[in-house]
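Raw run-v6.tsv, TSV, C-alpha atoms and all ligand atoms:
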```
chain	number	residue	atom	x	y	z
W	212	MET	CA	0.00	0.00	0.00
W	213	SER	CA	1.12	3.53	-0.61
W	214	LEU	CA	-0.31	6.19	1.66
W	215	ASP	CA	0.20	9.06	-0.76
W	216	ASP	CA	-3.25	8.73	-2.30
W	217	LYS	CA	-5.06	8.63	1.05
W	218	ARG	CA	-7.22	11.61	1.97
W	219	VAL	CA	-9.56	10.13	4.55
W	220	LEU	CA	-8.35	8.57	7.79
W	221	LEU	CA	-10.90	6.43	9.66
W	222	PHE	CA	-9.87	5.88	13.28
W	223	ASP	CA	-10.90	3.30	15.80
W	224	LEU	CA	-11.32	4.85	19.27
W	225	ASP	CA	-10.75	2.47	22.22
W	226	GLY	CA	-7.25	1.04	22.25
W	227	THR	CA	-6.15	3.21	19.31
W	228	LEU	CA	-6.66	6.84	20.37
W	229	VAL	CA	-7.69	6.29	23.99
W	230	ASP	CA	-6.59	3.90	26.70
W	231	SER	CA	-10.14	3.51	27.99
W	232	ALA	CA	-9.74	0.10	29.64
W	233	PRO	CA	-9.44	1.48	33.21
W	234	ASP	CA	-12.91	3.09	33.04
W	235	LEU	CA	-14.43	0.17	31.13
W	236	ALA	CA	-13.01	-2.28	33.69
W	237	ALA	CA	-14.29	-0.15	36.56
W	238	ALA	CA	-17.83	-0.15	35.12
W	239	VAL	CA	-17.71	-3.91	34.41
W	240	ASN	CA	-16.59	-4.56	37.97
W	241	GLN	CA	-19.16	-2.18	39.50
W	242	THR	CA	-21.79	-4.12	37.55
W	243	LEU	CA	-20.50	-7.52	38.68
W	244	VAL	CA	-20.33	-6.43	42.32
W	245	HIS	CA	-23.84	-4.93	42.01
W	246	LEU	CA	-25.00	-8.38	40.85
W	247	GLY	CA	-23.24	-10.08	43.77
W	248	ARG	CA	-20.36	-11.42	41.68
W	249	GLU	CA	-16.59	-11.22	41.96
W	250	PRO	CA	-14.72	-8.45	40.09
W	251	PHE	CA	-11.82	-9.17	37.70
W	252	PRO	CA	-8.38	-7.55	37.41
W	253	GLU	CA	-8.23	-4.68	34.92
W	254	ALA	CA	-5.65	-6.64	32.92
W	255	THR	CA	-8.25	-9.38	32.35
W	256	VAL	CA	-11.07	-7.02	31.34
W	257	ARG	CA	-8.67	-5.24	28.94
W	258	ASN	CA	-8.65	-8.38	26.78
W	259	TRP	CA	-12.44	-8.44	26.58
W	260	VAL	CA	-12.79	-4.97	24.96
W	261	GLY	CA	-13.36	-4.60	21.23
W	262	ASN	CA	-16.83	-5.79	20.24
W	263	GLY	CA	-18.94	-3.18	22.06
W	264	ALA	CA	-20.85	-3.00	25.34
W	265	LEU	CA	-22.99	-6.16	25.13
W	266	PRO	CA	-20.12	-8.59	24.37
W	267	LEU	CA	-17.99	-6.86	27.05
W	268	ILE	CA	-20.50	-7.30	29.86
W	269	SER	CA	-21.40	-10.80	28.58
W	270	ARG	CA	-17.71	-11.71	28.86
W	271	GLY	CA	-17.75	-10.30	32.39
W	272	LEU	CA	-20.70	-12.54	33.27
W	273	SER	CA	-19.00	-15.52	31.59
W	274	GLY	CA	-15.64	-14.75	33.22
W	275	ALA	CA	-13.99	-15.50	29.89
W	276	LYS	CA	-13.40	-14.15	26.38
W	277	GLU	CA	-15.65	-16.92	25.04
W	278	ILE	CA	-19.19	-15.85	25.88
W	279	ASP	CA	-21.27	-18.47	27.69
W	280	ALA	CA	-24.19	-19.11	25.33
W	281	THR	CA	-26.36	-20.31	28.23
W	282	LEU	CA	-26.39	-16.97	30.11
W	283	PRO	CA	-30.03	-16.18	31.01
W	284	GLN	CA	-31.33	-13.32	28.85
W	285	ASP	CA	-32.81	-11.42	31.81
W	286	LEU	CA	-29.42	-11.51	33.58
W	287	VAL	CA	-27.68	-10.18	30.45
W	288	ASP	CA	-30.30	-7.44	30.06
W	289	GLN	CA	-29.96	-6.42	33.72
W	290	ALA	CA	-26.17	-6.44	33.54
W	291	LEU	CA	-26.09	-4.41	30.32
W	292	ALA	CA	-28.40	-1.74	31.75
W	293	ALA	CA	-26.29	-1.51	34.93
W	294	PHE	CA	-23.03	-1.39	32.96
W	295	LEU	CA	-24.28	1.41	30.69
W	296	ASP	CA	-25.41	3.37	33.72
W	297	PHE	CA	-22.15	2.92	35.65
W	298	TYR	CA	-20.05	3.70	32.57
W	299	ALA	CA	-22.08	6.85	31.81
W	300	HIS	CA	-20.84	8.23	35.14
W	301	ASN	CA	-17.14	7.69	34.42
W	302	VAL	CA	-16.52	7.60	30.66
W	303	CYS	CA	-13.48	9.77	31.10
W	304	ASP	CA	-12.41	9.37	34.68
W	305	LYS	CA	-9.21	7.35	34.27
W	306	SER	CA	-9.10	7.14	30.46
W	307	VAL	CA	-6.20	8.89	28.76
W	308	LEU	CA	-5.06	9.57	25.22
W	309	TYR	CA	-2.11	7.48	24.09
W	310	PRO	CA	1.12	9.48	23.66
W	311	GLU	CA	1.17	12.08	20.87
W	312	VAL	CA	-2.41	11.35	19.76
W	313	LYS	CA	-3.73	14.90	19.96
W	314	GLU	CA	-0.63	16.46	18.41
W	315	THR	CA	-0.63	13.94	15.58
W	316	LEU	CA	-4.35	14.33	14.80
W	317	LEU	CA	-4.08	18.11	14.75
W	318	ALA	CA	-1.04	17.93	12.47
W	319	LEU	CA	-2.88	15.60	10.09
W	320	LYS	CA	-5.88	17.92	10.04
W	321	GLN	CA	-3.58	20.86	9.42
W	322	ARG	CA	-2.19	19.01	6.39
W	323	GLY	CA	-5.72	18.61	5.01
W	324	TYR	CA	-6.54	15.01	5.89
W	325	ARG	CA	-10.19	14.33	6.67
W	326	LEU	CA	-10.67	12.45	9.94
W	327	ALA	CA	-13.58	10.35	11.25
W	328	ILE	CA	-14.11	7.77	13.98
W	329	ILE	CA	-15.56	4.29	13.55
W	330	THR	CA	-15.85	2.62	16.94
W	331	ASN	CA	-17.83	-0.28	18.40
W	332	LYS	CA	-18.42	1.83	21.52
W	333	PRO	CA	-22.07	2.88	21.97
W	334	GLU	CA	-22.58	6.19	20.18
W	335	LYS	CA	-23.79	8.15	23.23
W	336	PHE	CA	-20.40	7.77	24.96
W	337	ILE	CA	-18.27	9.04	22.06
W	338	GLU	CA	-18.77	12.80	22.33
W	339	PRO	CA	-18.41	12.93	26.16
W	340	MET	CA	-15.17	10.98	25.82
W	341	LEU	CA	-13.84	13.25	23.05
W	342	GLN	CA	-14.83	16.33	25.03
W	343	GLY	CA	-13.22	15.03	28.18
W	344	LEU	CA	-9.97	14.38	26.34
W	345	GLY	CA	-9.88	17.67	24.42
W	346	LEU	CA	-10.67	16.16	21.01
W	347	SER	CA	-14.06	17.76	20.43
W	348	GLY	CA	-14.39	19.13	16.90
W	349	VAL	CA	-11.40	17.21	15.53
W	350	PHE	CA	-13.47	14.64	13.60
W	351	GLU	CA	-16.00	15.21	10.81
W	352	PHE	CA	-18.26	12.57	12.37
W	353	CYS	CA	-18.26	9.48	14.53
W	354	LEU	CA	-20.06	6.17	14.03
W	355	GLY	CA	-20.67	4.03	17.13
W	356	GLY	CA	-21.32	0.33	17.53
W	357	ASP	CA	-25.07	0.99	17.67
W	358	SER	CA	-25.23	3.67	14.96
W	359	LEU	CA	-25.93	1.14	12.19
W	360	PRO	CA	-27.44	-2.36	11.97
W	361	GLU	CA	-23.93	-3.89	11.77
W	362	ARG	CA	-20.63	-3.03	13.45
W	363	LYS	CA	-16.96	-3.95	12.86
W	364	PRO	CA	-15.75	-6.51	11.76
W	365	ASN	CA	-18.68	-6.08	9.35
W	366	PRO	CA	-17.63	-3.54	6.69
W	367	LEU	CA	-20.94	-1.61	6.79
W	368	PRO	CA	-19.63	1.27	8.98
W	369	LEU	CA	-16.65	1.69	6.63
W	370	PHE	CA	-18.88	1.76	3.54
W	371	THR	CA	-21.20	4.20	5.31
W	372	ALA	CA	-18.30	6.49	6.27
W	373	CYS	CA	-17.10	6.51	2.66
W	374	ALA	CA	-20.57	7.41	1.42
W	375	MET	CA	-20.96	10.15	4.07
W	376	MET	CA	-17.62	11.66	3.04
W	377	ASN	CA	-18.25	11.23	-0.67
W	378	ALA	CA	-14.98	9.30	-0.85
W	379	GLU	CA	-13.86	6.18	-2.68
W	380	ILE	CA	-12.64	3.11	-0.75
W	381	ALA	CA	-9.22	3.73	-2.28
W	382	ASP	CA	-9.13	7.24	-0.73
W	383	CYS	CA	-9.49	5.85	2.80
W	384	VAL	CA	-7.46	3.96	5.34
W	385	MET	CA	-8.77	2.33	8.54
W	386	ILE	CA	-6.51	2.64	11.58
W	387	GLY	CA	-7.11	0.44	14.61
W	388	ASP	CA	-5.82	-1.77	17.39
W	389	SER	CA	-7.95	-4.87	16.98
W	390	LYS	CA	-8.69	-7.59	14.49
W	391	ASN	CA	-12.20	-6.13	14.19
W	392	ASP	CA	-10.70	-3.05	12.53
W	393	ILE	CA	-8.41	-4.99	10.22
W	394	LEU	CA	-11.06	-7.57	9.26
W	395	ALA	CA	-13.61	-4.81	8.56
W	396	ALA	CA	-11.07	-3.04	6.32
W	397	LYS	CA	-10.25	-6.25	4.47
W	398	ALA	CA	-13.95	-7.01	3.99
W	399	ALA	CA	-14.39	-3.51	2.55
W	400	LYS	CA	-11.22	-3.92	0.41
W	401	MET	CA	-9.84	-0.86	2.22
W	402	ASP	CA	-6.22	-0.47	3.29
W	403	SER	CA	-5.51	-0.74	6.99
W	404	ILE	CA	-2.97	0.32	9.59
W	405	GLY	CA	-2.71	-1.59	12.86
W	406	VAL	CA	-1.34	-0.21	16.14
W	407	SER	CA	0.35	-2.78	18.34
W	408	TYR	CA	-0.20	-1.17	21.75
W	409	GLY	CA	-4.00	-1.46	22.20
W	410	TYR	CA	-6.40	-4.29	22.95
W	411	ASN	CA	-6.46	-7.29	20.70
W	412	TYR	CA	-7.62	-10.08	22.97
W	413	ASP	CA	-3.96	-10.58	24.02
W	414	GLU	CA	-3.07	-11.68	20.49
W	415	ASP	CA	-0.52	-10.31	18.03
W	416	LEU	CA	-2.38	-8.02	15.60
W	417	GLY	CA	0.17	-8.85	12.91
W	418	ILE	CA	-1.54	-12.22	12.46
W	419	HIS	CA	-4.33	-10.37	10.65
W	420	GLU	CA	-1.89	-8.72	8.24
W	421	PRO	CA	-2.69	-5.01	8.30
W	422	ASP	CA	-0.92	-3.14	5.48
W	423	PHE	CA	1.18	-1.30	8.07
W	424	LEU	CA	1.70	-2.06	11.76
W	425	PHE	CA	2.87	0.77	14.07
W	426	ASP	CA	4.08	0.68	17.65
W	427	HIS	CA	3.53	4.41	18.27
W	428	PHE	CA	0.67	6.61	17.07
W	429	ASN	CA	2.93	9.38	15.81
W	430	GLU	CA	4.57	7.00	13.33
W	431	LEU	CA	1.47	7.62	11.25
W	432	LEU	CA	2.53	11.24	10.91
W	433	SER	CA	6.11	10.44	10.03
W	434	VAL	CA	4.98	8.15	7.20
W	435	LEU	CA	2.46	10.64	5.85
W	436	ASP	CA	4.81	13.57	6.42
W	437	ASP	CA	7.16	12.53	3.64
W	438	LEU	CA	4.32	12.15	1.20
W	439	LYS	CA	2.28	14.56	-0.79
W	440	THR	CA	0.10	16.85	1.34
W	441	PRO	CA	-3.56	16.57	0.31
W	442	ALA	CA	-5.06	19.52	-1.53
N	1	LIG	O1	-16.20	-0.52	22.92
N	1	LIG	C1	-15.51	-1.44	22.41
N	1	LIG	O2	-15.72	-2.64	22.65
N	1	LIG	C2	-14.37	-1.12	21.51
N	1	LIG	O3	-14.48	0.04	20.79
N	1	LIG	P1	-13.47	0.32	19.58
N	1	LIG	O4	-14.17	-0.21	18.35
N	1	LIG	O5	-13.32	1.81	19.59
N	1	LIG	O6	-12.18	-0.40	19.86
N	2	MG	MG	-10.18	-0.63	19.42
```

The structure in this file should be written as structure tokens.
Amino acid sequence: MSLDDKRVLLFDLDGTLVDSAPDLAAAVNQTLVHLGREPFPEATVRNWVGNGALPLISRGLSGAKEIDATLPQDLVDQALAAFLDFYAHNVCDKSVLYPEVKETLLALKQRGYRLAIITNKPEKFIEPMLQGLGLSGVFEFCLGGDSLPERKPNPLPLFTACAMMNAEIADCVMIGDSKNDILAAKAAKMDSIGVSYGYNYDEDLGIHEPDFLFDHFNELLSVLDDLKTPA
């Protein structure tokens, strides 16, 4: 892949721009304790993030990455409602931007790149998180895990973002920390960049063969920096 024809950068949120696992783990554990269950270490919950709120709390109830298919529906419903409520109170309490994220995004914007977010996080939490971390107004729009009938790894959010930005697939690149981002990009026949530092179920993201794999967010800028600035 060459990045010199890219004009639109589609970013994943959790694990790519924001280390949100501390607040997600806190809300999962508040929910479990509320239901009379044992909490889990943050390091365990970190490996359950990536498919949105329902799979996250279902993994908490299962105590494992593999969701227990026999969980009673009323328990799942109760846990999801409690989780969403607890999380709404601390979306941005302990969450932080990864190093150089804000500086890099602003530099990319300055150079004329168009930026959007495609996350599996419920839509209502996106803006409060961006506001809390000083990223309000940086992105043209954000799609959440419940914004459309399908979420990553389904390519629908990527196709929708392209249509909303009046861009071709070839103009865009998806940047993310998990296989859901890379698989969605591949399904859309879009180029992808993986970041190695986020949450990928404790697996090497390289297995999924993103076109580029970075260890630090600002490497994105150094690659694009040498290339033609968009008009
Ligand atoms: O909320 C999640 O499970 C993950 O969200 P992400 O798609 O931004 O990584
Ligand atoms: Mg992610």

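With all atoms listed in the file as the basis for measurement, W:Leu344 is the residue among W:Leu344, W:Leu326, W:Ile418, W:Ala374 that approaches Ser306 of chain W most closely.
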
Subject >> Expected selection as a list of chain:residue names for ligand LIG 1 (chain N) within 6 Å, only C-alpha atoms and all ligand atoms >> reply: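 Within the 6 Å cut-off, the matching residues are W:Asp223, W:Leu224, W:Asp225, W:Gly226, W:Val260, W:Gly261, W:Asn262, W:Gly263, W:Ala264, W:Thr330, W:Asn331, W:Lys332.
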
Just write the chosen residues, C-alpha atoms, as a compact mmCIF listing (two decimals), in the coordinates of the input.
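Saved to again21.txt:
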```
# COMPACT_ATOMS: atom_id res chain seq x y z
CA ASP W 223 -10.90 3.30 15.80
CA LEU W 224 -11.32 4.85 19.27
CA ASP W 225 -10.75 2.47 22.22
CA GLY W 226 -7.25 1.04 22.25
CA VAL W 260 -12.79 -4.97 24.96
CA GLY W 261 -13.36 -4.60 21.23
CA ASN W 262 -16.83 -5.79 20.24
CA GLY W 263 -18.94 -3.18 22.06
CA ALA W 264 -20.85 -3.00 25.34
CA THR W 330 -15.85 2.62 16.94
CA ASN W 331 -17.83 -0.28 18.40
CA LYS W 332 -18.42 1.83 21.52
```

Original post:
So which residues touch Ile380 of chain W within 9 Å, counting all atoms listed in the file, skipping near sequence neighbours fewer than 2 positions away, as a list of chain:residue names?
Top reply: W:Leu369, W:Phe370, W:Cys373, W:Ala378, W:Asp382, W:Cys383, W:Val384, W:Ala399, W:Lys400, W:Met401, W:Asp402

The centre and edge lengths of an axis-aligned box containing all atoms of segment 358-375 of chain W present in the file, extended by 6 Å on each side, are to be given in Å to one decimal, as JSON.
```
{"center_x": -21.6, "center_y": 1.8, "center_z": 8.2, "size_x": 23.7, "size_y": 28.7, "size_z": 25.5}
```

Subject >> Residues near segment 349-352 of chain W, cut-off 8 Å, all atoms listed in the file, skip fewer than 3 positions along chain, as an MDAnalysis selection string >> reply: chainID W and resid 316:317 320 325:328 346
